[in-house]
Amino acid sequence: METPAPGRTHRVVLVLLSLAVLHTSKAQKVQNDIDIYSLTVDSKVSSRFAHTVITSRVVNKADAVREATFQMELPKKAFITNFSMVIDGVTYPGNIKEKAAAQEQYSAAMARGESAGLVTATGRKTEQFQVSVSVAPAAKVTFELVYEELLARHLGVYELLLKVRPQQLVKHLQMDIHIFEPQGISFLETESTFMTNELAEALTTSQNKTKAHVRFKPTLSQQQKSPEKQDTVLDGNFIVRYDVDRPVSGGSIQIENGYFVHYFAPDSLSTMPKNVIFVIDKSGSMMGRKIKQTQEALIKILDDLSPHDQFNLISFSAEATKWKPLLVPASTENVNEAKSYATGIRAQGGTNINDAMLMAVQLLEKANQEELLPAGSITLIILLTDGDPTAGETDPLKIQENVRKAVNGQHSLFCLGFGFDVSYAFLEKMALENGGLARRIYEDSDSALQLQDFYQEVANPLMMSVAFEYPSNAVESVTQDAFRVFFKGSELVVAGKLRDHSPDVLSAQVRGQLHGENITFVMESHVAEQEEMFRGPKYIFHSFMERLWAYLTIQQLLEQMVSALDAEKQALEARALNLSLSYSFVTPLTSMVITKPEGQEQSQVAEKPVEDENRDRRVPLGGGLKLLNSPPRLGVPGRFLAPPPPFYRTTSRLVLPELTLRTTVTAPPLAPVQAPSVILPLPGQSVDQLCVDFRRPQELVNLLSDPDQGVEVTGHYETAKACFSWIEVTFQNPQLQVHASPEHVVITRNRRNSAYKWKETLYSVMPGLKVTMDKAGLLLLSRPDRVTIGLLFWDGPGKGLRLLLQDTDRFSSHVSGTLGQFYQDVLWGPLDTADDRRRTLKVQGRDYSATRELKLDYQESPPGKEISCWSVEL
């Protein structure tokens, strides 16, 4: 390898928390010159407000200058608050300035051909931050990045996401997450896409009523992929999810250092009936995968409608068409008819958003005028489109104006932008102007799930016209305190500042409408008690509530700017800018200027990206997930372990035992050994296994059900393909469903879907259940003192979904189902006298013919291991 000249700079990407990959051996050697000897992540979550500090310490082990690039990912909703580099004992800080003030430095950097925009969008939920610096031989550099975010509640959980990818072994690697919730932590779970069983030993979780501490501190050997390799297994997401206890009042007022935050999420309210219009784009650009995924999602969404709801469908291309002339009740008959209509939607033509939206409003207005809307119900319009308007009215501003006038504050509009060919800014403004919100749907294998998840967020309205009221002599500078709708699984948050000489007790009322009637929640909080609660613990980021108030205020001001008129927009921008500078937040209105040592680039500028930037750029989806399919491989040669007469299998011939003539007979090549649909360990036996295949047309199969274990397994078997099209496992405690298909695994809990592709490493621990998946694609669902259920997408011979069971001696006497029956009264008949490879298996009075056969054990990676088992066809 070429030896660099003295002083020559070699570029190396030091990826601490990122998705970048180095491909060449030369780059790998240069990278190894920069050694990360310490990497720590410290995240303190105090009353939903997360303060995260990433600290990386590196040393240049080369004898020449090397350039290291600190690169990491952070949540899109987070604001960077500080960045610094310490080089040779000198600190080089990042200074946050108004964007205009940093423009000169930004332009100069761009003119030099340098990448000045240091923060870029990288995925659905994250942005990437990076900065580079030249490091002298033997010199050490400490990078420190700080960011903050308010964790929002979605479908009943708060989620803290951390990216982990050091790309080399790190001597001291430690992550600490401290959570303090005065309301009490109701549940806590962790999930990782890189965790192995060995790494799991480095993960510890402790929890009491109000506090939790998650620590991950792997040793060097635990980080290694294998003893022979120096590569690290750390590569992916680390997620902490939790929720809090809810008082009867539905809310909690918390006070710290002269500021308060009011959380409101009552969980005892019944769902209000809704009137919903689904407006579906069927233009030519939706052709193919998009329209199929939309149909799939729409069919499941229709199934989720309550009998108390009313609905209608509008599909549009160059023209808009309504399914029914009026809203119809969500009866079984109407839902089935709507599903048939959705299945028949065909994509072609232009995009007439204007007419489709006005038709939706007219349907709701007509129903209202004719008094067809149930008392106390809520009206929603859900628009899904993948492109800009091309037919009818095509001026976005005019469309927004038309829709705003038609809606007139009476309905809530939610806009879903499918992919990156649509103007997200156009949809966002139209939604925010009409009491809703916008969401991007990413083009990927789970697009249908994204649509379903969004619908679940708005499927259960609990209150309308929600207003928070506080004594005027007690508070000031209050954030948004009026909300059109409160949905189940979410949370309304109001923050503010206590006035000087405010009362000792802060009281509040939350008023709203429920089923057409007024409802009021009353609550109060003792200021001194609250102040004391947050004053003591060392793991709390103190004065966090003031920063929480500033963060929430800025986010709401930025949102209001989207739909504000020019004069109002300037005033909102001025307020947001002032707060961003005062509290050192990198927002869309500010920039961070990062200073460098003398002789290097004068500065780099970090700016926060916005959703519609670089609209044509395609963002990597799913956190770099990839479905790995190996080509089918034939069974490996092996000895057949069946009873006599003895014979063994070779690659291309059958060798018979010694008879009168000693000769070898060559037979035609044998068909490859297949993997059975299911492998069952036999009760009371440690060696023999039962291989089960399905031959009769069955379609939906109740595989097993054990009410004492609280588990049920069903599947859909396609006889023509000789495989399962899906297998579903349902647990009662925790209430959770796992749906496995050849495309992916979907875990549903509390109406929230999480999709995982096969062979994507997964390690999730929640109360009462552990879910793991290894690189071979084996998904294990294990519970203490319960049967372990395994699912696998086998891509060897007999490709398809497979099911396996472990610890079957834990089944109760009430287990039932097509497979469950084998764990009841099972009697083996004697060996067949004519062929001792055959015998009869009697199960609950029914006889099955069992044959000793060679099968592939799919619990081994393809091509699998040949095993001898008793084979039964059902």
# chains A, B, ... in the order shown; residues from 1 in each chain; ligands from 1

call {"tool": "residues_around", "arguments": {"residues": "A:Asp88", "least_positions_apart": "2", "cutoff": "8 Å", "atoms": "only C-alpha atoms", "output": "VMD selection string"}}
result
chain A and resid 86 90 139 to 141

call {"tool": "write_last_selection", "arguments": {"atoms": "all heavy atoms", "output": "PDB file, in the first residue's frame"}}
result
ATOM      1  N   VAL A  86     -12.843  18.883  21.183  1.00  0.00           N
ATOM      2  CA  VAL A  86     -11.682  19.221  22.012  1.00  0.00           C
ATOM      3  C   VAL A  86     -10.456  18.589  21.356  1.00  0.00           C
ATOM      4  O   VAL A  86     -10.361  17.357  21.247  1.00  0.00           O
ATOM      5  CB  VAL A  86     -11.850  18.706  23.454  1.00  0.00           C
ATOM      6  CG1 VAL A  86     -10.608  19.057  24.274  1.00  0.00           C
ATOM      7  CG2 VAL A  86     -13.105  19.284  24.092  1.00  0.00           C
ATOM      8  N   VAL A  90      -7.794  22.119  23.494  1.00  0.00           N
ATOM      9  CA  VAL A  90      -8.492  23.339  23.089  1.00  0.00           C
ATOM     10  C   VAL A  90      -9.897  22.961  22.613  1.00  0.00           C
ATOM     11  O   VAL A  90     -10.068  22.047  21.797  1.00  0.00           O
ATOM     12  CB  VAL A  90      -7.736  24.074  21.965  1.00  0.00           C
ATOM     13  CG1 VAL A  90      -8.485  25.330  21.546  1.00  0.00           C
ATOM     14  CG2 VAL A  90      -6.318  24.407  22.429  1.00  0.00           C
ATOM     15  N   ALA A 139      -2.497  12.373  18.052  1.00  0.00           N
ATOM     16  CA  ALA A 139      -3.396  13.355  18.689  1.00  0.00           C
ATOM     17  C   ALA A 139      -4.743  12.712  19.007  1.00  0.00           C
ATOM     18  O   ALA A 139      -5.184  11.766  18.359  1.00  0.00           O
ATOM     19  CB  ALA A 139      -3.591  14.559  17.773  1.00  0.00           C
ATOM     20  N   LYS A 140      -5.379  13.271  20.038  1.00  0.00           N
ATOM     21  CA  LYS A 140      -6.692  12.800  20.461  1.00  0.00           C
ATOM     22  C   LYS A 140      -7.732  13.896  20.242  1.00  0.00           C
ATOM     23  O   LYS A 140      -7.423  15.075  20.381  1.00  0.00           O
ATOM     24  CB  LYS A 140      -6.677  12.387  21.933  1.00  0.00           C
ATOM     25  CG  LYS A 140      -5.799  11.183  22.236  1.00  0.00           C
ATOM     26  CD  LYS A 140      -5.860  10.802  23.704  1.00  0.00           C
ATOM     27  CE  LYS A 140      -5.009   9.547  23.984  1.00  0.00           C
ATOM     28  NZ  LYS A 140      -5.078   9.163  25.421  1.00  0.00           N
ATOM     29  N   VAL A 141      -8.932  13.467  19.907  1.00  0.00           N
ATOM     30  CA  VAL A 141     -10.041  14.406  19.703  1.00  0.00           C
ATOM     31  C   VAL A 141     -11.252  13.880  20.457  1.00  0.00           C
ATOM     32  O   VAL A 141     -11.541  12.682  20.433  1.00  0.00           O
ATOM     33  CB  VAL A 141     -10.401  14.557  18.210  1.00  0.00           C
ATOM     34  CG1 VAL A 141     -11.553  15.544  18.036  1.00  0.00           C
ATOM     35  CG2 VAL A 141      -9.191  15.007  17.410  1.00  0.00           C
TER      36      VAL A 141
END

call {"tool": "select_by_dssp", "arguments": {"residues": "stretch 404-488 of chain A", "states": "strand (DSSP E)", "output": "list in words"}}
result
Ser412, Leu413, Phe414, Cys415, Leu416, Gly417, Phe418, Ala438, Arg439, Arg440, Ile441, Pro461, Leu462, Met463, Met464, Ser465, Val466, Ala467, Phe468, Glu469, Val475, Glu476, Ala482, Phe483, Arg484, Val485, Phe486 and Phe487 of chain A

call {"tool": "write_last_selection", "arguments": {"atoms": "C-alpha atoms", "output": "PDB file, in the first residue's frame"}}
result
ATOM      1  CA  SER A 412     -60.826  17.724  10.099  1.00  0.00           C
ATOM      2  CA  LEU A 413     -58.657  17.011   7.043  1.00  0.00           C
ATOM      3  CA  PHE A 414     -55.772  14.547   7.060  1.00  0.00           C
ATOM      4  CA  CYS A 415     -53.453  14.376   4.038  1.00  0.00           C
ATOM      5  CA  LEU A 416     -51.221  11.422   3.223  1.00  0.00           C
ATOM      6  CA  GLY A 417     -48.487  11.937   0.634  1.00  0.00           C
ATOM      7  CA  PHE A 418     -47.419   8.660  -0.989  1.00  0.00           C
ATOM      8  CA  ALA A 438     -50.074  15.592   7.014  1.00  0.00           C
ATOM      9  CA  ARG A 439     -47.980  12.442   6.881  1.00  0.00           C
ATOM     10  CA  ARG A 440     -45.605  11.041   4.303  1.00  0.00           C
ATOM     11  CA  ILE A 441     -46.096   7.407   3.313  1.00  0.00           C
ATOM     12  CA  PRO A 461     -61.766  10.204  18.688  1.00  0.00           C
ATOM     13  CA  LEU A 462     -62.495  10.641  22.397  1.00  0.00           C
ATOM     14  CA  MET A 463     -63.185  14.381  22.793  1.00  0.00           C
ATOM     15  CA  MET A 464     -63.908  17.423  20.641  1.00  0.00           C
ATOM     16  CA  SER A 465     -63.265  21.146  21.187  1.00  0.00           C
ATOM     17  CA  VAL A 466     -60.810  20.580  24.025  1.00  0.00           C
ATOM     18  CA  ALA A 467     -59.790  23.750  25.928  1.00  0.00           C
ATOM     19  CA  PHE A 468     -57.360  24.155  28.861  1.00  0.00           C
ATOM     20  CA  GLU A 469     -58.095  26.915  31.372  1.00  0.00           C
ATOM     21  CA  VAL A 475     -49.605  31.537  34.584  1.00  0.00           C
ATOM     22  CA  GLU A 476     -48.279  33.322  31.512  1.00  0.00           C
ATOM     23  CA  ALA A 482     -57.189  24.679  22.458  1.00  0.00           C
ATOM     24  CA  PHE A 483     -57.402  21.531  20.330  1.00  0.00           C
ATOM     25  CA  ARG A 484     -60.032  20.430  17.855  1.00  0.00           C
ATOM     26  CA  VAL A 485     -59.934  16.686  18.628  1.00  0.00           C
ATOM     27  CA  PHE A 486     -58.296  14.369  21.139  1.00  0.00           C
ATOM     28  CA  PHE A 487     -57.641  10.845  19.830  1.00  0.00           C
TER      29      PHE A 487
END

call {"tool": "residues_around", "arguments": {"residues": "A:Thr91", "least_positions_apart": "2", "cutoff": "10 Å", "atoms": "only C-alpha atoms", "output": "compact mmCIF listing (two decimals) with N, CA and C atoms, in the first residue's frame"}}
result
# COMPACT_ATOMS: atom_id res chain seq x y z
N SER A 84 -19.32 20.30 20.17
CA SER A 84 -17.97 20.82 20.41
C SER A 84 -16.95 19.74 20.10
N MET A 85 -15.73 20.21 19.77
CA MET A 85 -14.58 19.34 19.58
C MET A 85 -13.47 19.83 20.51
N VAL A 86 -12.84 18.88 21.18
CA VAL A 86 -11.68 19.22 22.01
C VAL A 86 -10.46 18.59 21.36
N ILE A 87 -9.54 19.43 20.88
CA ILE A 87 -8.34 18.97 20.18
C ILE A 87 -7.12 19.56 20.89
N ASP A 88 -6.25 18.68 21.37
CA ASP A 88 -5.05 19.12 22.09
C ASP A 88 -5.41 20.06 23.24
N GLY A 89 -6.48 19.74 23.94
CA GLY A 89 -6.89 20.53 25.10
C GLY A 89 -7.62 21.81 24.77
N PRO A 93 -16.05 25.19 19.81
CA PRO A 93 -17.49 25.03 19.98
C PRO A 93 -18.25 25.31 18.69
N GLY A 94 -19.50 24.87 18.70
CA GLY A 94 -20.43 25.23 17.64
C GLY A 94 -21.28 26.40 18.13
N VAL A 141 -8.93 13.47 19.91
CA VAL A 141 -10.04 14.41 19.70
C VAL A 141 -11.25 13.88 20.46
N THR A 142 -11.94 14.79 21.13
CA THR A 142 -13.21 14.44 21.78
C THR A 142 -14.33 15.19 21.08
N PHE A 143 -15.29 14.44 20.56
CA PHE A 143 -16.48 15.02 19.95
C PHE A 143 -17.64 14.92 20.95
N THR A 595 -16.55 25.95 14.40
CA THR A 595 -15.19 26.47 14.20
C THR A 595 -14.20 25.32 14.15
N LYS A 596 -13.06 25.58 13.46
CA LYS A 596 -12.02 24.56 13.27
C LYS A 596 -10.68 25.12 13.72
N PRO A 597 -9.70 24.25 13.99
CA PRO A 597 -8.35 24.73 14.30
C PRO A 597 -7.78 25.53 13.13

call {"tool": "residues_around", "arguments": {"residues": "A:Gln689", "least_positions_apart": "3", "cutoff": "6 Å", "atoms": "only C-alpha atoms", "output": "list in words"}}
result
Leu680, Pro681, Leu682 and Cys869 of chain A

call {"tool": "closest_atom_pairs", "arguments": {"of": "stretch 486-600 of chain A", "to": "stretch 420-429 of chain A", "cutoff": "10 Å", "atoms": "only C-alpha atoms", "output": "CSV"}}
result
residue,atom,partner,partner_atom,distance
A:Glu559,CA,A:Lys429,CA,9.1
A:Gln560,CA,A:Lys429,CA,9.4
A:Met561,CA,A:Lys429,CA,9.3
A:Val562,CA,A:Lys429,CA,5.7
A:Ser563,CA,A:Lys429,CA,5.4
A:Ala564,CA,A:Lys429,CA,9.2

call {"tool": "write_last_selection", "arguments": {"atoms": "C-alpha atoms", "output": "PDB file, in the first residue's frame"}}
result
ATOM      1  CA  GLU A 559     -46.370  24.728  12.513  1.00  0.00           C
ATOM      2  CA  GLN A 560     -48.497  27.871  12.662  1.00  0.00           C
ATOM      3  CA  MET A 561     -46.175  29.557  10.140  1.00  0.00           C
ATOM      4  CA  VAL A 562     -47.132  26.954   7.520  1.00  0.00           C
ATOM      5  CA  SER A 563     -50.687  28.260   7.189  1.00  0.00           C
ATOM      6  CA  ALA A 564     -50.214  31.889   8.345  1.00  0.00           C
TER       7      ALA A 564
END

call {"tool": "residues_around", "arguments": {"residues": "stretch 186-188 of chain A", "least_positions_apart": "6", "cutoff": "12 Å", "atoms": "only C-alpha atoms", "output": "number ranges by chain"}}
result
A: 156-160, 179, 205-214, 239-247, 734, 764-769

call {"tool": "write_last_selection", "arguments": {"atoms": "N, CA and C atoms", "output": "short mmCIF file (atom, residue, chain, number, x, y, z; two decimals), in the first residue's frame"}}
result
data_model
loop_
_atom_site.label_atom_id
_atom_site.label_comp_id
_atom_site.auth_asym_id
_atom_site.auth_seq_id
_atom_site.Cartn_x
_atom_site.Cartn_y
_atom_site.Cartn_z
N GLY A 156 -50.40 4.98 22.24
CA GLY A 156 -50.23 4.51 23.61
C GLY A 156 -48.82 4.35 24.11
N VAL A 157 -47.81 4.79 23.35
CA VAL A 157 -46.44 4.64 23.83
C VAL A 157 -45.59 5.87 23.50
N TYR A 158 -44.58 6.10 24.34
CA TYR A 158 -43.50 7.03 24.04
C TYR A 158 -42.33 6.21 23.54
N GLU A 159 -41.58 6.76 22.59
CA GLU A 159 -40.48 6.00 22.00
C GLU A 159 -39.22 6.85 21.94
N LEU A 160 -38.14 6.33 22.50
CA LEU A 160 -36.82 6.95 22.41
C LEU A 160 -35.98 6.10 21.46
N ILE A 179 -34.88 7.31 32.94
CA ILE A 179 -36.23 7.82 32.74
C ILE A 179 -36.84 8.12 34.11
N THR A 205 -31.71 -3.74 32.78
CA THR A 205 -32.83 -2.82 32.96
C THR A 205 -33.29 -2.90 34.41
N SER A 206 -33.37 -1.76 35.06
CA SER A 206 -33.91 -1.70 36.42
C SER A 206 -35.04 -0.69 36.44
N GLN A 207 -36.04 -0.94 37.24
CA GLN A 207 -37.24 -0.10 37.22
C GLN A 207 -37.95 -0.17 38.56
N ASN A 208 -38.44 1.00 39.00
CA ASN A 208 -39.37 1.02 40.12
C ASN A 208 -40.60 1.83 39.71
N LYS A 209 -41.34 2.35 40.66
CA LYS A 209 -42.60 3.02 40.34
C LYS A 209 -42.42 4.19 39.38
N THR A 210 -41.44 5.05 39.62
CA THR A 210 -41.30 6.28 38.82
C THR A 210 -40.00 6.37 38.03
N LYS A 211 -39.06 5.45 38.27
CA LYS A 211 -37.75 5.55 37.64
C LYS A 211 -37.42 4.27 36.88
N ALA A 212 -36.64 4.44 35.82
CA ALA A 212 -36.11 3.30 35.07
C ALA A 212 -34.71 3.64 34.59
N HIS A 213 -33.85 2.64 34.54
CA HIS A 213 -32.49 2.81 34.05
C HIS A 213 -32.17 1.65 33.13
N VAL A 214 -31.85 1.97 31.89
CA VAL A 214 -31.43 0.97 30.91
C VAL A 214 -29.96 1.21 30.61
N ILE A 239 -34.08 0.95 20.77
CA ILE A 239 -35.32 1.66 21.05
C ILE A 239 -35.80 1.34 22.46
N VAL A 240 -36.24 2.36 23.17
CA VAL A 240 -36.89 2.19 24.47
C VAL A 240 -38.31 2.73 24.33
N ARG A 241 -39.29 1.90 24.68
CA ARG A 241 -40.69 2.32 24.65
C ARG A 241 -41.27 2.21 26.05
N TYR A 242 -42.15 3.15 26.39
CA TYR A 242 -42.79 3.07 27.70
C TYR A 242 -44.08 3.88 27.68
N ASP A 243 -44.87 3.72 28.72
CA ASP A 243 -46.05 4.55 28.95
C ASP A 243 -46.14 4.82 30.44
N VAL A 244 -47.04 5.71 30.83
CA VAL A 244 -47.16 6.12 32.23
C VAL A 244 -48.55 5.81 32.74
N ASP A 245 -48.69 5.79 34.06
CA ASP A 245 -49.99 5.60 34.70
C ASP A 245 -50.85 6.84 34.50
N ARG A 246 -52.15 6.64 34.40
CA ARG A 246 -53.08 7.74 34.17
C ARG A 246 -53.98 7.91 35.39
N PRO A 247 -54.02 9.10 36.00
CA PRO A 247 -54.94 9.33 37.12
C PRO A 247 -56.39 9.41 36.62
N PRO A 734 -48.72 -10.63 27.15
CA PRO A 734 -49.29 -9.34 26.78
C PRO A 734 -50.19 -9.48 25.54
N SER A 764 -36.24 -7.95 21.20
CA SER A 764 -37.21 -7.09 21.86
C SER A 764 -37.66 -7.74 23.16
N VAL A 765 -37.57 -6.99 24.24
CA VAL A 765 -37.98 -7.48 25.55
C VAL A 765 -39.09 -6.59 26.08
N MET A 766 -40.24 -7.19 26.33
CA MET A 766 -41.37 -6.46 26.89
C MET A 766 -41.91 -7.28 28.06
N PRO A 767 -42.75 -6.70 28.90
CA PRO A 767 -43.26 -7.47 30.04
C PRO A 767 -43.95 -8.76 29.59
N GLY A 768 -43.39 -9.88 30.00
CA GLY A 768 -44.02 -11.17 29.72
C GLY A 768 -43.69 -11.80 28.40
N LEU A 769 -42.83 -11.19 27.57
CA LEU A 769 -42.53 -11.76 26.26
C LEU A 769 -41.18 -11.27 25.75
#

call {"tool": "atom_distance", "arguments": {"atom1": "atom CA of A:Arg289", "atom2": "atom CA of A:Gln450"}}
result
14.3 Å

call {"tool": "residues_around", "arguments": {"residues": "A:Asn352", "least_positions_apart": "4", "cutoff": "7 Å", "atoms": "only C-alpha atoms", "output": "mmCIF file with N, CA and C atoms, in the first residue's frame"}}
result
data_model
loop_
_atom_site.group_PDB
_atom_site.id
_atom_site.type_symbol
_atom_site.label_atom_id
_atom_site.label_comp_id
_atom_site.auth_asym_id
_atom_site.auth_seq_id
_atom_site.Cartn_x
_atom_site.Cartn_y
_atom_site.Cartn_z
ATOM 1 N N PHE A 316 -60.401 9.217 -7.380
ATOM 2 C CA PHE A 316 -60.262 10.281 -8.381
ATOM 3 C C PHE A 316 -59.013 10.103 -9.219
ATOM 4 N N SER A 317 -59.149 10.501 -10.461
ATOM 5 C CA SER A 317 -58.018 10.689 -11.378
ATOM 6 C C SER A 317 -58.258 12.044 -12.023
ATOM 7 N N ALA A 318 -58.558 12.087 -13.310
ATOM 8 C CA ALA A 318 -58.917 13.373 -13.914
ATOM 9 C C ALA A 318 -60.308 13.820 -13.450
ATOM 10 N N GLU A 319 -61.124 12.849 -13.056
ATOM 11 C CA GLU A 319 -62.443 13.145 -12.515
ATOM 12 C C GLU A 319 -62.601 12.418 -11.191
ATOM 13 N N ALA A 356 -62.084 16.370 -6.130
ATOM 14 C CA ALA A 356 -62.270 15.270 -5.181
ATOM 15 C C ALA A 356 -62.482 15.803 -3.767
ATOM 16 N N PRO A 389 -51.355 18.154 -8.399
ATOM 17 C CA PRO A 389 -52.553 18.273 -9.235
ATOM 18 C C PRO A 389 -52.185 18.514 -10.696
ATOM 19 N N THR A 390 -52.837 17.744 -11.592
ATOM 20 C CA THR A 390 -52.562 17.889 -13.032
ATOM 21 C C THR A 390 -53.836 18.054 -13.846
ATOM 22 N N ALA A 391 -55.003 17.941 -13.225
ATOM 23 C CA ALA A 391 -56.274 18.061 -13.937
ATOM 24 C C ALA A 391 -57.209 18.959 -13.140
ATOM 25 N N GLY A 392 -58.168 19.591 -13.832
ATOM 26 C CA GLY A 392 -59.053 20.523 -13.160
ATOM 27 C C GLY A 392 -58.267 21.722 -12.684
#

call {"tool": "select_by_dssp", "arguments": {"residues": "stretch 133-216 of chain A", "states": "helix (DSSP H, G or I)", "output": "mmCIF file with C-alpha atoms, in the first residue's frame"}}
result
data_model
loop_
_atom_site.group_PDB
_atom_site.id
_atom_site.type_symbol
_atom_site.label_atom_id
_atom_site.label_comp_id
_atom_site.auth_asym_id
_atom_site.auth_seq_id
_atom_site.Cartn_x
_atom_site.Cartn_y
_atom_site.Cartn_z
ATOM 1 C CA ASN A 197 -27.908 -13.518 22.883
ATOM 2 C CA GLU A 198 -24.333 -12.783 23.932
ATOM 3 C CA LEU A 199 -24.823 -9.025 23.625
ATOM 4 C CA ALA A 200 -28.032 -9.297 25.637
#
